[in-house]
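What follows is a short report on a single structure.
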Amino acid sequence: FFFQAEDGIRDKLVTGVQTCALPIYMPDLPGYGESFTVAKDLDPERYIQHVMDMLLGIVPSGTFRLGGFSFGGIMAAHCAARLGSRVTKLSLMGPGGFRRLGKALDMKKIPRASEGPAVMREVLDYNLRVMMCADPKAVTDEAIDLHHANVRRTRYDGRHFSLTPGLLAKRLREIQCPVQIIWGGKDALCYPDVMPRVDEVRAAMPDIRIDIIENAGHWVQFEAGAEVNRLMLDFLK
């Protein structure tokens with residue numbers, strides 16, 4: 001299972017996982033993509049329960065591996081902490097659950113539809129370069145199209161989870177299975193350096209596996225799909 005709020009990785013991950021014949025499920029989280037809508041002010045505990053209900057509706061029994069990206073990463077960690085030995089491995093990419101260090105990102109406000117598609121694409125292009133991708137060459141028409149689809153289908157704001165200091169570390173202390181975290185070495189959300197987050201999770205789980213892809217940004221699985229697949233498959237096997 002792989003949880004995400006930002007799409008654009010299904011084809012890359014499914015292709016990689018199929019090389020070792022693993023079945024894969026990639027449900028959209030509540031309030032994102034094609035999933036059901038939830039109230040914007042929904043109590044955090046109720047939101048987690050919605051995610052748990054969705055997960056257990058697909059796998060009511062047995063064991064499985066779990067993964068997640070960004071906000072989906074902290075949601076996957078919440079589920080793994082609650083499900084105990086049912087989750088046999090947990091792989092996270094650029095997960096939330098940390099204090100934001102440094103200055104706020106200089107993001108542009110999403111324009112109104114009435115301002116036209118050219119203005120929308122210009123803003124999305126800019127925001128992808130600021131937050132999601134380290135390499136400007138990764139901000140292709142495909143990336144902009146995917147990001148636009150994500151923006152249009154986002155009905156919930158999970159930042160109160162992602163920006164809660166120490167939240168991921170707290171969940172890691174409760175998780176029973178091996179855990180991997182993959183970070184882009186130039187992840188803008190880790191500014192100015194990913195190492196304080198590495199130190200924080202290692203203090204919570206000393207045997208955690210950390211993989212850093214040096215020249216990738218926050219959207220690491222989009223920018224470095226082949227390397228992410230290789231690292232995930234090596235861990236999940």
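Ordered as shown in the structure tokens, chains take letters A, B, and onward, while each chain numbers its residues from 1 and ligands are numbered from 1 in the order shown.
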
Within 12 Å of A:Arg129, counting only C-alpha atoms, which residues qualify if same-chain residues fewer than 2 places away don't, as a ChimeraX atom specification?
/A:105-108,122-127,131-140,143-144,147,186-188,216-219,223

Show which residues sit within 12 Å of stretch 207-215 of chain A, as a PyMOL selection string. Count only C-alpha atoms, and ignore same-chain residues fewer than 5 positions away.
chain A and resi 89-94+133-136+138+169+172-173+175-188+193-195+197-202+220-221+223-232+234-236

Could those residues be written to a file, using C-alpha atoms, as a PDB file, in the first residue's frame?
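File produced: selection02.pdb:
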```
ATOM      1  CA  LYS A  89       7.741  -2.957   6.581  1.00  0.00           C
ATOM      2  CA  LEU A  90       7.196   0.788   6.231  1.00  0.00           C
ATOM      3  CA  SER A  91       8.795   2.892   3.459  1.00  0.00           C
ATOM      4  CA  LEU A  92       8.394   6.678   3.547  1.00  0.00           C
ATOM      5  CA  MET A  93       9.445   9.427   1.130  1.00  0.00           C
ATOM      6  CA  GLY A  94       9.930  12.982   2.343  1.00  0.00           C
ATOM      7  CA  CYS A 133      11.749  19.826  -7.759  1.00  0.00           C
ATOM      8  CA  ALA A 134      15.445  20.579  -7.271  1.00  0.00           C
ATOM      9  CA  ASP A 135      16.319  20.319 -10.960  1.00  0.00           C
ATOM     10  CA  PRO A 136      14.535  22.911 -13.143  1.00  0.00           C
ATOM     11  CA  ALA A 138      12.316  18.159 -14.038  1.00  0.00           C
ATOM     12  CA  ALA A 169       9.482  10.659  15.782  1.00  0.00           C
ATOM     13  CA  LEU A 172       8.421   5.807  15.065  1.00  0.00           C
ATOM     14  CA  ARG A 173       8.815   4.965  18.754  1.00  0.00           C
ATOM     15  CA  ILE A 175       6.079   1.220  15.243  1.00  0.00           C
ATOM     16  CA  GLN A 176       7.110  -2.435  15.449  1.00  0.00           C
ATOM     17  CA  CYS A 177       8.405  -3.058  11.907  1.00  0.00           C
ATOM     18  CA  PRO A 178      11.556  -2.010  10.012  1.00  0.00           C
ATOM     19  CA  VAL A 179      11.293   1.505   8.542  1.00  0.00           C
ATOM     20  CA  GLN A 180      12.942   3.178   5.558  1.00  0.00           C
ATOM     21  CA  ILE A 181      12.913   6.896   4.773  1.00  0.00           C
ATOM     22  CA  ILE A 182      13.966   8.214   1.365  1.00  0.00           C
ATOM     23  CA  TRP A 183      14.756  11.913   1.140  1.00  0.00           C
ATOM     24  CA  GLY A 184      15.856  14.119  -1.696  1.00  0.00           C
ATOM     25  CA  GLY A 185      19.106  15.730  -0.613  1.00  0.00           C
ATOM     26  CA  LYS A 186      17.788  19.079  -1.859  1.00  0.00           C
ATOM     27  CA  ASP A 187      14.286  18.776  -0.393  1.00  0.00           C
ATOM     28  CA  ALA A 188      13.145  22.380   0.063  1.00  0.00           C
ATOM     29  CA  ASP A 193      19.725  20.660   5.415  1.00  0.00           C
ATOM     30  CA  VAL A 194      18.066  17.256   5.687  1.00  0.00           C
ATOM     31  CA  MET A 195      20.444  16.068   8.419  1.00  0.00           C
ATOM     32  CA  ARG A 197      15.561  15.399  10.346  1.00  0.00           C
ATOM     33  CA  VAL A 198      17.797  12.380   9.907  1.00  0.00           C
ATOM     34  CA  ASP A 199      19.171  12.896  13.419  1.00  0.00           C
ATOM     35  CA  GLU A 200      15.647  13.281  14.833  1.00  0.00           C
ATOM     36  CA  VAL A 201      14.349  10.019  13.374  1.00  0.00           C
ATOM     37  CA  ARG A 202      17.535   8.116  14.277  1.00  0.00           C
ATOM     38  CA  VAL A 220      11.847  12.643  -5.046  1.00  0.00           C
ATOM     39  CA  GLN A 221       9.866   9.810  -6.607  1.00  0.00           C
ATOM     40  CA  GLU A 223      12.551  13.416 -10.084  1.00  0.00           C
ATOM     41  CA  ALA A 224      14.426  10.182  -9.395  1.00  0.00           C
ATOM     42  CA  GLY A 225      11.863   7.462 -10.067  1.00  0.00           C
ATOM     43  CA  ALA A 226      14.296   4.718 -11.095  1.00  0.00           C
ATOM     44  CA  GLU A 227      16.521   5.221  -8.045  1.00  0.00           C
ATOM     45  CA  VAL A 228      13.547   5.398  -5.688  1.00  0.00           C
ATOM     46  CA  ASN A 229      12.209   2.128  -7.126  1.00  0.00           C
ATOM     47  CA  ARG A 230      15.589   0.468  -6.667  1.00  0.00           C
ATOM     48  CA  LEU A 231      15.871   1.597  -3.046  1.00  0.00           C
ATOM     49  CA  MET A 232      12.274   0.678  -2.193  1.00  0.00           C
ATOM     50  CA  ASP A 234      15.803  -3.465  -1.979  1.00  0.00           C
ATOM     51  CA  PHE A 235      14.148  -2.595   1.336  1.00  0.00           C
ATOM     52  CA  LEU A 236      10.780  -4.273   0.752  1.00  0.00           C
TER      53      LEU A 236
END
```

Among stretch 40-154 of chain A, which ones does DSSP place in strand (DSSP E or B), written as a PyMOL selection string?
chain A and resi 64-69+87-93

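The residue set within 8 Å of stretch 56-73 of chain A, counting only C-alpha atoms and dropping same-chain residues fewer than 4 places from it, reads Phe1, Phe2, Phe3, Gln4, Ala5, Glu6, Leu29, Met52, Ala77, Ala80, Ser85, Arg86, Val87, Thr88, Lys89, Leu90, Ser91, Leu92, Met93, Gly94, Pro95, Gly96, Gly158, Arg159, Phe161, Ser162 and Leu236 of chain A.
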
I'd like to know which residues of stretch 12-235 of chain A are helix (DSSP H, G or I) (by DSSP, run on the backbone); could you write them as an MDAnalysis selection string?
chainID A and resid 12:18 44:58 71:86 113:115 117:132 136:138 141:152 159:162 167:172 188:190 195:204 220:223 225:235

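Of the listed residues (A:Lys40, A:Arg46, A:Arg171, A:Arg112), A:Arg112 comes nearest to A:Val151; the distances count only C-alpha atoms.
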
Can you pull out every residue within 8 Å of A:Pro165, counting only C-alpha atoms, but drop anything in the same chain fewer than 2 positions away, and send it as a VMD selection string?
chain A and resid 97 to 100 163 167

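For the pair atom CA of A:Asp43 and atom CA of A:Glu174, the interatomic distance is 21.8 Å.
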
Would you pick out the contacts of A:Arg152 at 10 Å or less, using only C-alpha atoms, so that residues sharing its chain but fewer than 4 positions from it are not included, and give the list as a PyMOL selection string?
chain A and resi 32-33+147-148

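Proximity of A:Pro111, A:Asp157, A:Leu233, A:Leu189 to A:Val38, computed with only C-alpha atoms, is greatest for A:Asp157.
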
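If you look at atom CA of A:Ile110 and atom CA of A:Met26, they are 26.6 Å away from each other.
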